[in-house]
file query.txt (compact mmCIF, C-alpha atoms and all ligand atoms)
# COMPACT_ATOMS: atom_id res chain seq x y z
CA MET A 1 8.46 -3.00 3.08
CA CYS A 2 7.31 -2.72 -0.55
CA GLY A 3 7.28 0.50 -2.50
CA ILE A 4 5.51 3.70 -3.38
CA VAL A 5 5.93 6.14 -6.28
CA GLY A 6 4.29 9.43 -7.24
CA TYR A 7 4.76 11.78 -10.17
CA VAL A 8 3.45 15.12 -11.42
CA GLY A 9 5.06 16.81 -14.42
CA GLU A 10 5.07 16.76 -18.17
CA GLN A 11 6.34 13.28 -18.91
CA ASP A 12 4.18 10.24 -19.48
CA ALA A 13 3.28 9.46 -15.85
CA LEU A 14 2.76 5.75 -16.43
CA GLU A 15 6.27 5.31 -17.78
CA VAL A 16 7.83 7.26 -14.90
CA VAL A 17 5.80 5.41 -12.25
CA LEU A 18 6.48 1.96 -13.71
CA GLY A 19 10.18 2.80 -13.95
CA GLY A 20 10.15 3.79 -10.28
CA LEU A 21 8.32 0.61 -9.26
CA ARG A 22 10.84 -1.48 -11.17
CA ARG A 23 13.69 0.13 -9.28
CA LEU A 24 11.91 -0.53 -5.97
CA GLU A 25 11.30 -4.21 -6.73
CA TYR A 26 14.25 -5.22 -4.53
CA ARG A 27 12.14 -4.29 -1.48
CA GLY A 28 9.85 -7.28 -2.07
CA TYR A 29 6.10 -7.32 -2.86
CA ASP A 30 3.18 -9.57 -3.78
CA SER A 31 1.14 -7.31 -6.09
CA ALA A 32 1.37 -3.99 -7.89
CA GLY A 33 -0.80 -1.21 -9.26
CA VAL A 34 -0.93 2.26 -10.75
CA ALA A 35 -3.38 5.14 -11.16
CA VAL A 36 -3.05 7.86 -13.79
CA LEU A 37 -5.13 11.00 -14.04
CA GLY A 38 -5.95 11.64 -17.70
CA ALA A 39 -6.27 15.02 -19.41
CA ASP A 40 -10.02 14.28 -19.53
CA GLY A 41 -10.07 14.45 -15.72
CA VAL A 42 -10.65 10.71 -15.27
CA LEU A 43 -8.58 8.61 -12.85
CA ARG A 44 -7.72 5.26 -14.39
CA THR A 45 -6.22 2.38 -12.47
CA GLU A 46 -4.74 -1.02 -13.18
CA ARG A 47 -3.86 -3.51 -10.43
CA LYS A 48 -2.52 -7.01 -10.54
CA ALA A 49 -1.43 -9.68 -8.08
CA GLY A 50 2.06 -11.12 -8.55
CA LYS A 51 5.05 -9.68 -10.31
CA LEU A 52 5.23 -6.27 -11.92
CA ALA A 53 5.48 -8.10 -15.24
CA ASN A 54 1.83 -9.21 -14.75
CA LEU A 55 0.76 -5.59 -14.37
CA GLU A 56 2.85 -4.53 -17.36
CA LYS A 57 1.19 -7.23 -19.44
CA GLU A 58 -2.26 -5.83 -18.58
CA LEU A 59 -1.08 -2.32 -19.36
CA ALA A 60 0.23 -3.38 -22.76
CA GLU A 61 -3.39 -3.87 -23.81
CA GLU A 62 -4.69 -0.61 -22.41
CA SER A 63 -3.38 2.94 -22.46
CA LEU A 64 -3.33 5.12 -19.36
CA PRO A 65 -2.35 8.53 -20.75
CA GLY A 66 -1.67 11.39 -18.34
CA THR A 67 1.01 13.38 -16.57
CA LEU A 68 0.02 12.64 -12.96
CA GLY A 69 0.46 9.15 -11.60
CA ILE A 70 0.87 7.10 -8.44
CA GLY A 71 2.13 3.54 -8.11
CA HIS A 72 2.49 0.83 -5.51
CA THR A 73 4.05 -2.50 -4.82
CA ARG A 74 2.17 -4.24 -2.02
CA TRP A 75 3.17 -6.55 0.76
CA ALA A 76 -0.25 -7.66 2.01
CA THR A 77 -1.00 -7.18 5.69
CA HIS A 78 -4.83 -6.86 5.53
CA GLY A 79 -6.52 -9.00 2.90
CA ALA A 80 -5.06 -11.65 0.60
CA PRO A 81 -2.63 -10.73 -2.19
CA THR A 82 -5.28 -10.61 -4.93
CA ASP A 83 -6.06 -8.21 -7.80
CA ARG A 84 -8.97 -6.85 -5.77
CA ASN A 85 -6.81 -5.98 -2.77
CA ALA A 86 -3.94 -4.53 -4.80
CA HIS A 87 -3.57 -0.76 -4.61
CA PRO A 88 -4.55 1.93 -5.64
CA HIS A 89 -7.87 1.96 -3.78
CA LEU A 90 -10.67 4.30 -4.78
CA ASP A 91 -13.58 6.03 -3.07
CA CYS A 92 -17.21 5.28 -4.03
CA ALA A 93 -17.22 7.94 -6.77
CA ASN A 94 -13.83 6.90 -8.28
CA LYS A 95 -12.55 10.44 -7.77
CA VAL A 96 -9.91 9.65 -5.17
CA ALA A 97 -7.00 7.19 -5.54
CA VAL A 98 -4.86 6.11 -2.60
CA VAL A 99 -1.72 3.99 -2.28
CA HIS A 100 -0.35 3.06 1.11
CA ASN A 101 2.57 1.23 2.62
CA GLY A 102 2.26 0.18 6.26
CA THR A 103 -0.68 -0.67 8.47
CA ILE A 104 -3.57 1.41 9.78
CA GLU A 105 -4.11 -0.17 13.15
CA ASN A 106 -7.44 1.48 13.97
CA PHE A 107 -9.00 0.78 10.56
CA GLU A 108 -11.68 -1.51 12.01
CA GLN A 109 -13.05 1.34 14.10
CA LEU A 110 -13.02 3.63 11.08
CA VAL A 111 -14.75 0.99 8.94
CA VAL A 112 -17.71 0.79 11.33
CA GLY A 113 -18.46 4.47 10.79
CA LEU A 114 -17.89 4.33 7.03
CA ASP A 115 -20.17 1.28 6.63
CA ALA A 116 -22.86 2.95 8.74
CA ARG A 117 -22.66 6.02 6.53
CA GLY A 118 -23.22 3.90 3.43
CA HIS A 119 -19.80 3.63 1.81
CA GLU A 120 -19.31 0.66 -0.45
CA ARG A 121 -15.97 -1.00 0.23
CA ARG A 122 -14.39 -2.93 -2.59
CA SER A 123 -11.41 -4.54 -0.85
CA ASP A 124 -10.38 -6.20 2.40
CA THR A 125 -7.56 -3.75 3.02
CA ASP A 126 -7.00 -1.27 5.82
CA THR A 127 -5.94 1.23 3.13
CA GLU A 128 -9.33 1.68 1.48
CA VAL A 129 -10.71 3.54 4.51
CA VAL A 130 -8.49 6.48 3.59
CA ALA A 131 -10.08 6.84 0.13
CA HIS A 132 -13.55 6.93 1.69
CA LEU A 133 -12.48 9.36 4.41
CA VAL A 134 -11.13 11.70 1.72
CA GLU A 135 -14.43 11.34 -0.15
CA GLU A 136 -16.35 12.35 2.98
CA ARG A 137 -14.16 15.18 4.12
CA TYR A 138 -12.87 16.76 0.91
CA ALA A 139 -13.92 20.38 0.56
CA GLY A 140 -11.57 21.62 -2.18
CA ASP A 141 -8.20 21.29 -0.43
CA LEU A 142 -6.67 17.81 -0.68
CA ALA A 143 -3.59 18.59 1.42
CA ALA A 144 -5.74 19.90 4.28
CA THR A 145 -8.05 16.90 3.99
CA VAL A 146 -5.19 14.36 4.16
CA ARG A 147 -3.56 16.29 7.03
CA GLY A 148 -6.81 16.06 9.01
CA ILE A 149 -7.27 12.35 8.26
CA CYS A 150 -3.72 11.49 9.36
CA LYS A 151 -4.56 12.81 12.82
CA ASP A 152 -7.23 10.11 13.08
CA LEU A 153 -4.98 7.26 11.91
CA GLU A 154 -2.97 4.98 14.17
CA GLY A 155 -0.11 2.83 12.96
CA SER A 156 2.56 3.31 10.34
CA PHE A 157 2.00 4.64 6.89
CA VAL A 158 3.20 6.29 3.79
CA LEU A 159 0.11 7.55 2.02
CA VAL A 160 0.02 8.98 -1.48
CA VAL A 161 -3.29 10.43 -2.62
CA ALA A 162 -4.63 11.92 -5.86
CA HIS A 163 -8.01 13.59 -6.38
CA GLN A 164 -9.68 14.16 -9.73
CA ASP A 165 -10.59 17.72 -8.78
CA GLU A 166 -6.94 18.73 -8.22
CA PRO A 167 -5.26 17.53 -11.41
CA ASP A 168 -1.81 19.01 -10.71
CA LEU A 169 -1.39 17.70 -7.19
CA VAL A 170 -0.27 14.54 -5.47
CA VAL A 171 -0.44 14.65 -1.67
CA ALA A 172 1.74 12.41 0.49
CA ALA A 173 2.20 11.90 4.21
CA ARG A 174 4.32 9.62 6.33
CA ARG A 175 4.54 8.15 9.82
CA ASN A 176 7.17 5.60 10.88
CA LEU A 177 8.05 4.62 7.28
CA PRO A 178 10.30 6.44 4.81
CA LEU A 179 9.29 8.82 2.03
CA VAL A 180 11.46 11.01 -0.20
CA VAL A 181 10.53 13.84 -2.58
CA GLY A 182 12.52 14.24 -5.81
CA LEU A 183 12.73 17.76 -7.17
CA GLY A 184 12.85 18.21 -10.92
CA GLU A 185 12.26 21.13 -13.27
CA GLY A 186 8.56 21.44 -13.89
CA GLU A 187 8.08 18.02 -12.35
CA ASN A 188 8.31 16.39 -8.93
CA PHE A 189 8.58 12.82 -7.74
CA LEU A 190 7.79 10.79 -4.66
CA GLY A 191 9.44 7.55 -3.71
CA SER A 192 10.00 5.15 -0.85
CA ASP A 193 13.67 5.91 -1.49
CA VAL A 194 15.71 7.87 -4.02
CA THR A 195 16.21 4.91 -6.33
CA ALA A 196 12.57 5.41 -7.40
CA PHE A 197 13.45 8.60 -9.28
CA ILE A 198 17.26 8.60 -9.54
CA ALA A 199 16.97 8.33 -13.34
CA HIS A 200 15.26 11.75 -13.39
CA THR A 201 16.76 13.87 -10.62
CA ARG A 202 19.42 13.77 -7.95
CA GLU A 203 17.85 16.53 -5.90
CA ALA A 204 15.90 15.04 -3.04
CA LEU A 205 14.19 16.05 0.20
CA ALA A 206 13.46 13.60 2.99
CA VAL A 207 9.94 13.96 4.38
CA ASP A 208 9.92 14.22 8.18
CA GLN A 209 7.92 12.17 10.61
CA ASP A 210 4.23 13.18 10.48
CA GLN A 211 4.89 15.65 7.68
N1 LIG B 1 -1.72 -2.62 4.77
C1 LIG B 1 -1.83 -2.42 3.38
C2 LIG B 1 -2.41 -3.65 2.70
O1 LIG B 1 -2.42 -4.72 3.22
C3 LIG B 1 -0.51 -2.00 2.73
C4 LIG B 1 0.57 -3.05 2.83
C5 LIG B 1 1.88 -2.56 2.23
O2 LIG B 1 2.08 -2.74 1.01
O3 LIG B 1 2.70 -1.99 2.98
O4 LIG B 1 -2.88 -3.56 1.62

call {"tool": "encode", "arguments": {"input": "query.txt", "output": "structure tokens", "more": "lines below"}}
Ligand code: GLU
result
Amino acid sequence: MCGIVGYVGEQDALEVVLGGLRRLEYRGYDSAGVAVLGADGVLRTERKAGKLANLEKELAEESLPGTLGIGHTRWATHGAPTDRNAHPHLDCANKVAVVHNGTIENFEQLVVGLDARGHERRSDTDTEVVAHLVEERYAGDLAATVRGICKDLEGSFVLVVAHQDEPDLVVAARRNLPLVVGLGEGENFLGSDVTAFIAHTREALAVDQDQ
């Protein structure tokens, strides 16, 4: 079921994240994307339908400098496999980036509330609701915000979330799908499995159900 990668450290995040996505390619996917938080505090994303090579081609023409990054290979369940539906998904203010593997079964209920409260959705995915929920509920503590949101989600998910206002933090959560943390020195990794970061560290922690 596709792949997810996260990185915070001192290396070039884009290179680490793309390397991880490449090693997760065997899991199958229909599109791919990355978000990197720059030293200027701006979250930059690139997303592309098709093979990782398509994304890498786009990235060759644009630099995404930064030491915090998240990446995703998608297997579409909600919305066609297009550039627009590829992850990461952002909130209205482009301050929150979310990647997600799995399905959020109650997303239609959540969408009704978000639409009524004026959020502008830019994809057909179930995933995007999480970015808007973070936007609504964030009060300075991303981990607490994501923990609260997970209680309102039904289905299966690995979620990896970055927020512009917390430039040293990537928050992840899982239910019914696998997620592993890689422990480095002055850097940490997230991956759907250890192959995502095996080139950097062999120390890993499995994330428990609903952790
Ligand atoms: N349900 C999400 C989507 O369709 C994530 C699919 C996945 O890659 O696991 O975009």

call {"tool": "closest_atom_pairs", "arguments": {"input": "query.txt", "of": "region 35-144 of chain A", "to": "region 28-31 of chain A", "cutoff": "12 Å", "atoms": "all atoms listed in the file", "output": "Markdown table"}}
result
| residue | atom | partner | partner_atom | distance |
| --- | --- | --- | --- | --- |
| A:Glu46 | CA | A:Ser31 | CA | 11.2 |
| A:Arg47 | CA | A:Ser31 | CA | 7.6 |
| A:Lys48 | CA | A:Ser31 | CA | 5.8 |
| A:Ala49 | CA | A:Ser31 | CA | 4.0 |
| A:Gly50 | CA | A:Ser31 | CA | 4.6 |
| A:Lys51 | CA | A:Ser31 | CA | 6.2 |
| A:Leu52 | CA | A:Ser31 | CA | 7.2 |
| A:Ala53 | CA | A:Ser31 | CA | 10.2 |
| A:Asn54 | CA | A:Ser31 | CA | 8.9 |
| A:Leu55 | CA | A:Ser31 | CA | 8.5 |
| A:Glu56 | CA | A:Ser31 | CA | 11.7 |
| A:Gly71 | CA | A:Ser31 | CA | 11.1 |
| A:His72 | CA | A:Ser31 | CA | 8.3 |
| A:Thr73 | CA | A:Tyr29 | CA | 5.6 |
| A:Arg74 | CA | A:Tyr29 | CA | 5.1 |
| A:Trp75 | CA | A:Tyr29 | CA | 4.7 |
| A:Ala76 | CA | A:Asp30 | CA | 7.0 |
| A:Thr77 | CA | A:Asp30 | CA | 10.6 |
| A:Gly79 | CA | A:Asp30 | CA | 11.8 |
| A:Ala80 | CA | A:Asp30 | CA | 9.6 |
| A:Pro81 | CA | A:Asp30 | CA | 6.1 |
| A:Thr82 | CA | A:Ser31 | CA | 7.3 |
| A:Asp83 | CA | A:Ser31 | CA | 7.5 |
| A:Arg84 | CA | A:Ser31 | CA | 10.1 |
| A:Asn85 | CA | A:Ser31 | CA | 8.7 |
| A:Ala86 | CA | A:Ser31 | CA | 5.9 |
| A:His87 | CA | A:Ser31 | CA | 8.2 |
| A:Pro88 | CA | A:Ser31 | CA | 10.9 |
| A:Asn101 | CA | A:Tyr29 | CA | 10.8 |

call {"tool": "residues_around", "arguments": {"input": "query.txt", "residues": "Leu64 (chain A)", "least_positions_apart": "3", "cutoff": "8 Å", "atoms": "only C-alpha atoms", "output": "mmCIF file with C-alpha atoms, in the frame of the given file"}}
result
data_model
loop_
_atom_site.group_PDB
_atom_site.id
_atom_site.type_symbol
_atom_site.label_atom_id
_atom_site.label_comp_id
_atom_site.auth_asym_id
_atom_site.auth_seq_id
_atom_site.Cartn_x
_atom_site.Cartn_y
_atom_site.Cartn_z
ATOM 1 C CA LEU A 14 2.760 5.750 -16.430
ATOM 2 C CA VAL A 36 -3.050 7.860 -13.790
ATOM 3 C CA GLY A 38 -5.950 11.640 -17.700
ATOM 4 C CA ARG A 44 -7.720 5.260 -14.390
ATOM 5 C CA THR A 45 -6.220 2.380 -12.470
ATOM 6 C CA LEU A 59 -1.080 -2.320 -19.360
#

call {"tool": "residues_around", "arguments": {"input": "query.txt", "residues": "region 157-172 of chain A", "least_positions_apart": "5", "cutoff": "9 Å", "atoms": "only C-alpha atoms", "output": "PyMOL selection string"}}
result
chain A and resi 4-9+35+37-39+41-43+67-71+94-104+127+130-131+134+140-143+146+177-179+190+192+211

call {"tool": "closest_residue", "arguments": {"input": "query.txt", "among": "A:Ala144, A:Val112, A:Cys150, A:Leu183", "to": "Phe197 (chain A)", "atoms": "only C-alpha atoms"}}
result
A:Leu183

call {"tool": "closest_residue", "arguments": {"input": "query.txt", "among": "A:Val16, A:Val129, A:Ala116, A:Ala204", "to": "ligand LIG 1 (chain B)", "atoms": "all atoms listed in the file"}}
result
A:Val129

call {"tool": "closest_residue", "arguments": {"input": "query.txt", "among": "A:Gly33, A:Gly148, A:Gly118, A:Pro65", "to": "ligand LIG 1 (chain B)", "atoms": "all atoms listed in the file"}}
result
A:Gly33

call {"tool": "closest_residue", "arguments": {"input": "query.txt", "among": "A:Thr125, A:Gln109, A:Asn188, A:Gln11", "to": "ligand LIG 1 (chain B)", "atoms": "only C-alpha atoms and all ligand atoms"}}
result
A:Thr125
